[in-house]
Amino acid sequence: MKNAGKYLSLFFIITLIFAGLYMSCDTSGADEDPTYTVYYDPNPPDDPGNPGTKMTVTGTMAPSVFTYGKDEKLRINDYVCEGFAFWEWEAPDGNTYQNGATVNSITSDDSITLKAKWEAGKYKVTYLGNGASGTVPGSQEVTYGNNITLSIPAEDLKRGNYTFAGWNTLANGTGTDYYVAGVTVTITANAAQTGKIFDKWITTDGVVFADASSATTTFIMPNKAVTVTATYKDWPTEPEYTIISGANGSVKIDSANGYTFTISGDYSKFDRLEVTGVTLIKGVDYTAASGSTIITITKTGLEKIGIGTKTITAHFIDGGTVTTTLTINAAAGNGGGNTGLIIGIAAGVVVLLGSGFCLYWFVIRKKKVAQ
């Protein structure tokens, strides 16, 4: 019995050891296989036409969650960049991967960012004679964003009485114009928005306009691409002018003094006088003088306008206008008749009586009617 206690203690010790070993080998609470995240950066390429700026990339891509030690597929690119084609994905260590490539543990970190790499697209410029006969220039391959010099057609490329001026993207000429260096280019500004008027043409490309302040003007095309811009300004507020004296008056058509009225507007800004349906000539049909603005329609002007009530409008160069009416009456003492002699042969009767005849002559004189 003395050894029984010794063996019992040893049993308990062995049991505790095995229990500890079992607990240390229990995998029921072990961690799952570790993962890492792959992020996709659109990485906009440089704009070849504007150094120092980037192109615009559209679209979105969700990240991928991969398991270490397993083969996984990268996502197919969903980003879009106008004029560029997606080329491949690039890792921070310089390794590159194709679209949808199979990868395995491409990082030992929790995440990695792959950047999109882009290649500028290429396009072909094809020339068409557009009804002309002769040699048409051959096509040109162009990399997106790069400038090229358009071909000048051979001398035998002709079309009737037309003179070659440049190229256009549409046969009817309503597309984008591309001009050859040295030709005269005609430009016309778009219609101004409400409340605006055309101001002038501007450019930073050294273009010299024939008249920069004209909505339609010309310039000589240089040997490079140029940008010209039409600018607009607020429509000036029109001043309000009034008739100081002589508004809505009346006058006889034969008045030696004509008809005078005075406008509040500055005489130095007076432009012209208009009457509905009649063109009046300054210095002949009317005169204009200072003292505000004094307008006198002459006897010649009254006769040109004619009898009746007419609308008269004065225009000023600052955009101001003023309107009045003028009633022109018939001349004094004109009752509608004139003194005159009306002579006619009312009848002639010849009566032959034997060897003789009688002639009857009737004379009618119109008497003057007292006025």
# chains A, B, ... in the order shown; residues from 1 in each chain; ligands from 1
call {"tool": "residues_around", "arguments": {"residues": "Leu273 in chain A", "least_positions_apart": "6", "cutoff": "7 Å", "atoms": "only C-alpha atoms", "output": "number ranges by chain"}}
result
A: 280, 313-315
call {"tool": "residues_around", "arguments": {"residues": "range 223-225 of chain A", "least_positions_apart": "6", "cutoff": "8 Å", "atoms": "only C-alpha atoms", "output": "ChimeraX atom specification"}}
result
/A:149,180-182
call {"tool": "write_last_selection", "arguments": {"atoms": "C-alpha atoms", "output": "mmCIF file, in the first residue's frame"}}
result
data_model
loop_
_atom_site.group_PDB
_atom_site.id
_atom_site.type_symbol
_atom_site.label_atom_id
_atom_site.label_comp_id
_atom_site.auth_asym_id
_atom_site.auth_seq_id
_atom_site.Cartn_x
_atom_site.Cartn_y
_atom_site.Cartn_z
ATOM 1 C CA THR A 149 2.415 69.332 -90.305
ATOM 2 C CA VAL A 180 -1.910 75.467 -94.628
ATOM 3 C CA ALA A 181 0.694 78.021 -93.567
ATOM 4 C CA GLY A 182 0.472 81.254 -95.517
#
call {"tool": "closest_residue", "arguments": {"among": "A:Thr229, A:Thr53, A:Thr174, A:Thr35", "to": "Ser105 in chain A", "atoms": "only C-alpha atoms"}}
result
A:Thr35
call {"tool": "atom_distance", "arguments": {"atom1": "CA of Ile202 in chain A", "atom2": "CA of Ala230 in chain A"}}
result
6.5 Å
call {"tool": "residues_around", "arguments": {"residues": "range 235-249 of chain A", "least_positions_apart": "6", "cutoff": "7 Å", "atoms": "only C-alpha atoms", "output": "ChimeraX atom specification"}}
result
/A:195-197,260-265,318-322,324-327
call {"tool": "write_last_selection", "arguments": {"atoms": "N, CA and C atoms", "output": "PDB file, in the first residue's frame"}}
result
ATOM      1  N   GLY A 195     -27.693  90.368 -73.643  1.00  0.00           N
ATOM      2  CA  GLY A 195     -27.038  91.317 -72.763  1.00  0.00           C
ATOM      3  C   GLY A 195     -25.571  91.516 -73.057  1.00  0.00           C
ATOM      4  N   LYS A 196     -25.044  90.849 -74.097  1.00  0.00           N
ATOM      5  CA  LYS A 196     -23.635  90.968 -74.449  1.00  0.00           C
ATOM      6  C   LYS A 196     -23.492  91.425 -75.903  1.00  0.00           C
ATOM      7  N   ILE A 197     -22.347  92.026 -76.222  1.00  0.00           N
ATOM      8  CA  ILE A 197     -22.001  92.350 -77.602  1.00  0.00           C
ATOM      9  C   ILE A 197     -20.555  91.942 -77.832  1.00  0.00           C
ATOM     10  N   THR A 260     -39.034 122.493 -86.866  1.00  0.00           N
ATOM     11  CA  THR A 260     -37.917 122.354 -85.938  1.00  0.00           C
ATOM     12  C   THR A 260     -38.376 121.721 -84.624  1.00  0.00           C
ATOM     13  N   PHE A 261     -37.551 120.767 -84.122  1.00  0.00           N
ATOM     14  CA  PHE A 261     -37.783 120.235 -82.781  1.00  0.00           C
ATOM     15  C   PHE A 261     -36.425 120.022 -82.112  1.00  0.00           C
ATOM     16  N   THR A 262     -36.419 120.013 -80.784  1.00  0.00           N
ATOM     17  CA  THR A 262     -35.169 119.941 -80.020  1.00  0.00           C
ATOM     18  C   THR A 262     -35.141 118.687 -79.150  1.00  0.00           C
ATOM     19  N   ILE A 263     -33.980 118.005 -79.157  1.00  0.00           N
ATOM     20  CA  ILE A 263     -33.800 116.757 -78.419  1.00  0.00           C
ATOM     21  C   ILE A 263     -32.808 116.993 -77.293  1.00  0.00           C
ATOM     22  N   SER A 264     -32.976 116.311 -76.181  1.00  0.00           N
ATOM     23  CA  SER A 264     -32.098 116.480 -75.021  1.00  0.00           C
ATOM     24  C   SER A 264     -30.712 115.875 -75.230  1.00  0.00           C
ATOM     25  N   GLY A 265     -30.509 115.046 -76.252  1.00  0.00           N
ATOM     26  CA  GLY A 265     -29.233 114.372 -76.459  1.00  0.00           C
ATOM     27  C   GLY A 265     -28.106 115.300 -76.875  1.00  0.00           C
ATOM     28  N   ASP A 318     -24.350 106.589 -79.295  1.00  0.00           N
ATOM     29  CA  ASP A 318     -24.252 105.856 -78.027  1.00  0.00           C
ATOM     30  C   ASP A 318     -25.416 104.896 -77.829  1.00  0.00           C
ATOM     31  N   GLY A 319     -26.212 104.687 -78.881  1.00  0.00           N
ATOM     32  CA  GLY A 319     -27.329 103.747 -78.817  1.00  0.00           C
ATOM     33  C   GLY A 319     -28.642 104.387 -78.429  1.00  0.00           C
ATOM     34  N   GLY A 320     -28.621 105.626 -78.019  1.00  0.00           N
ATOM     35  CA  GLY A 320     -29.859 106.291 -77.632  1.00  0.00           C
ATOM     36  C   GLY A 320     -30.717 106.653 -78.837  1.00  0.00           C
ATOM     37  N   THR A 321     -32.031 106.622 -78.675  1.00  0.00           N
ATOM     38  CA  THR A 321     -32.971 107.019 -79.723  1.00  0.00           C
ATOM     39  C   THR A 321     -34.104 107.810 -79.082  1.00  0.00           C
ATOM     40  N   VAL A 322     -34.768 108.593 -79.911  1.00  0.00           N
ATOM     41  CA  VAL A 322     -35.959 109.300 -79.455  1.00  0.00           C
ATOM     42  C   VAL A 322     -36.912 109.400 -80.640  1.00  0.00           C
ATOM     43  N   THR A 324     -40.779 110.831 -82.255  1.00  0.00           N
ATOM     44  CA  THR A 324     -41.927 111.742 -82.189  1.00  0.00           C
ATOM     45  C   THR A 324     -42.737 111.592 -83.470  1.00  0.00           C
ATOM     46  N   THR A 325     -43.908 112.222 -83.498  1.00  0.00           N
ATOM     47  CA  THR A 325     -44.724 112.198 -84.720  1.00  0.00           C
ATOM     48  C   THR A 325     -44.798 113.600 -85.298  1.00  0.00           C
ATOM     49  N   LEU A 326     -44.998 113.692 -86.601  1.00  0.00           N
ATOM     50  CA  LEU A 326     -45.146 114.970 -87.290  1.00  0.00           C
ATOM     51  C   LEU A 326     -46.261 114.829 -88.312  1.00  0.00           C
ATOM     52  N   THR A 327     -47.247 115.737 -88.197  1.00  0.00           N
ATOM     53  CA  THR A 327     -48.351 115.744 -89.156  1.00  0.00           C
ATOM     54  C   THR A 327     -48.094 116.830 -90.185  1.00  0.00           C
TER      55      THR A 327
END
call {"tool": "residues_around", "arguments": {"residues": "range 121-131 of chain A", "least_positions_apart": "4", "cutoff": "6 Å", "atoms": "only C-alpha atoms", "output": "mmCIF file with N, CA and C atoms, in the first residue's frame"}}
result
data_model
loop_
_atom_site.group_PDB
_atom_site.id
_atom_site.type_symbol
_atom_site.label_atom_id
_atom_site.label_comp_id
_atom_site.auth_asym_id
_atom_site.auth_seq_id
_atom_site.Cartn_x
_atom_site.Cartn_y
_atom_site.Cartn_z
ATOM 1 N N GLY A 83 -7.680 58.762 -75.931
ATOM 2 C CA GLY A 83 -6.460 58.861 -76.721
ATOM 3 C C GLY A 83 -5.352 57.920 -76.276
ATOM 4 N N PHE A 84 -5.586 57.185 -75.185
ATOM 5 C CA PHE A 84 -4.563 56.271 -74.668
ATOM 6 C C PHE A 84 -5.135 54.865 -74.521
ATOM 7 N N ALA A 85 -4.259 53.876 -74.645
ATOM 8 C CA ALA A 85 -4.648 52.482 -74.445
ATOM 9 C C ALA A 85 -3.961 51.953 -73.176
ATOM 10 N N SER A 139 -1.428 59.178 -96.767
ATOM 11 C CA SER A 139 -1.882 59.245 -95.370
ATOM 12 C C SER A 139 -0.693 59.373 -94.421
ATOM 13 N N GLN A 140 -0.968 59.861 -93.189
ATOM 14 C CA GLN A 140 0.052 60.031 -92.156
ATOM 15 C C GLN A 140 -0.402 59.347 -90.878
ATOM 16 N N GLU A 141 0.512 58.610 -90.212
ATOM 17 C CA GLU A 141 0.206 57.997 -88.924
ATOM 18 C C GLU A 141 0.669 58.940 -87.818
ATOM 19 N N VAL A 142 -0.220 59.209 -86.864
ATOM 20 C CA VAL A 142 0.060 60.203 -85.836
ATOM 21 C C VAL A 142 -0.150 59.582 -84.458
ATOM 22 N N THR A 143 0.753 59.878 -83.521
ATOM 23 C CA THR A 143 0.577 59.468 -82.132
ATOM 24 C C THR A 143 -0.270 60.504 -81.423
ATOM 25 N N TYR A 144 -1.235 60.040 -80.663
ATOM 26 C CA TYR A 144 -2.165 60.948 -79.992
ATOM 27 C C TYR A 144 -1.423 62.008 -79.182
#
call {"tool": "closest_residue", "arguments": {"among": "A:Ala189, A:Leu302, A:Ala212, A:Cys81", "to": "Ala120 in chain A", "atoms": "only C-alpha atoms"}}
result
A:Cys81
call {"tool": "atom_distance", "arguments": {"atom1": "CA of Gly173 in chain A", "atom2": "CA of Arg159 in chain A"}}
result
15.1 Å
call {"tool": "closest_residue", "arguments": {"among": "A:Lys117, A:Gly160, A:Thr231, A:Asp110", "to": "Asn190 in chain A", "atoms": "only C-alpha atoms"}}
result
A:Thr231
call {"tool": "select_by_dssp", "arguments": {"residues": "range 8-172 of chain A", "states": "strand (DSSP E or B)", "output": "number ranges by chain"}}
result
A: 35-41, 46, 54, 57-58, 64-67, 71-73, 80-81, 84-90, 96-97, 102-104, 111-120, 122-125, 133, 140-143, 158, 166-168
call {"tool": "residues_around", "arguments": {"residues": "Thr216 in chain A", "least_positions_apart": "2", "cutoff": "12 Å", "atoms": "only C-alpha atoms", "output": "ChimeraX atom specification"}}
result
/A:185-191,198-201,209-214,218-219,230
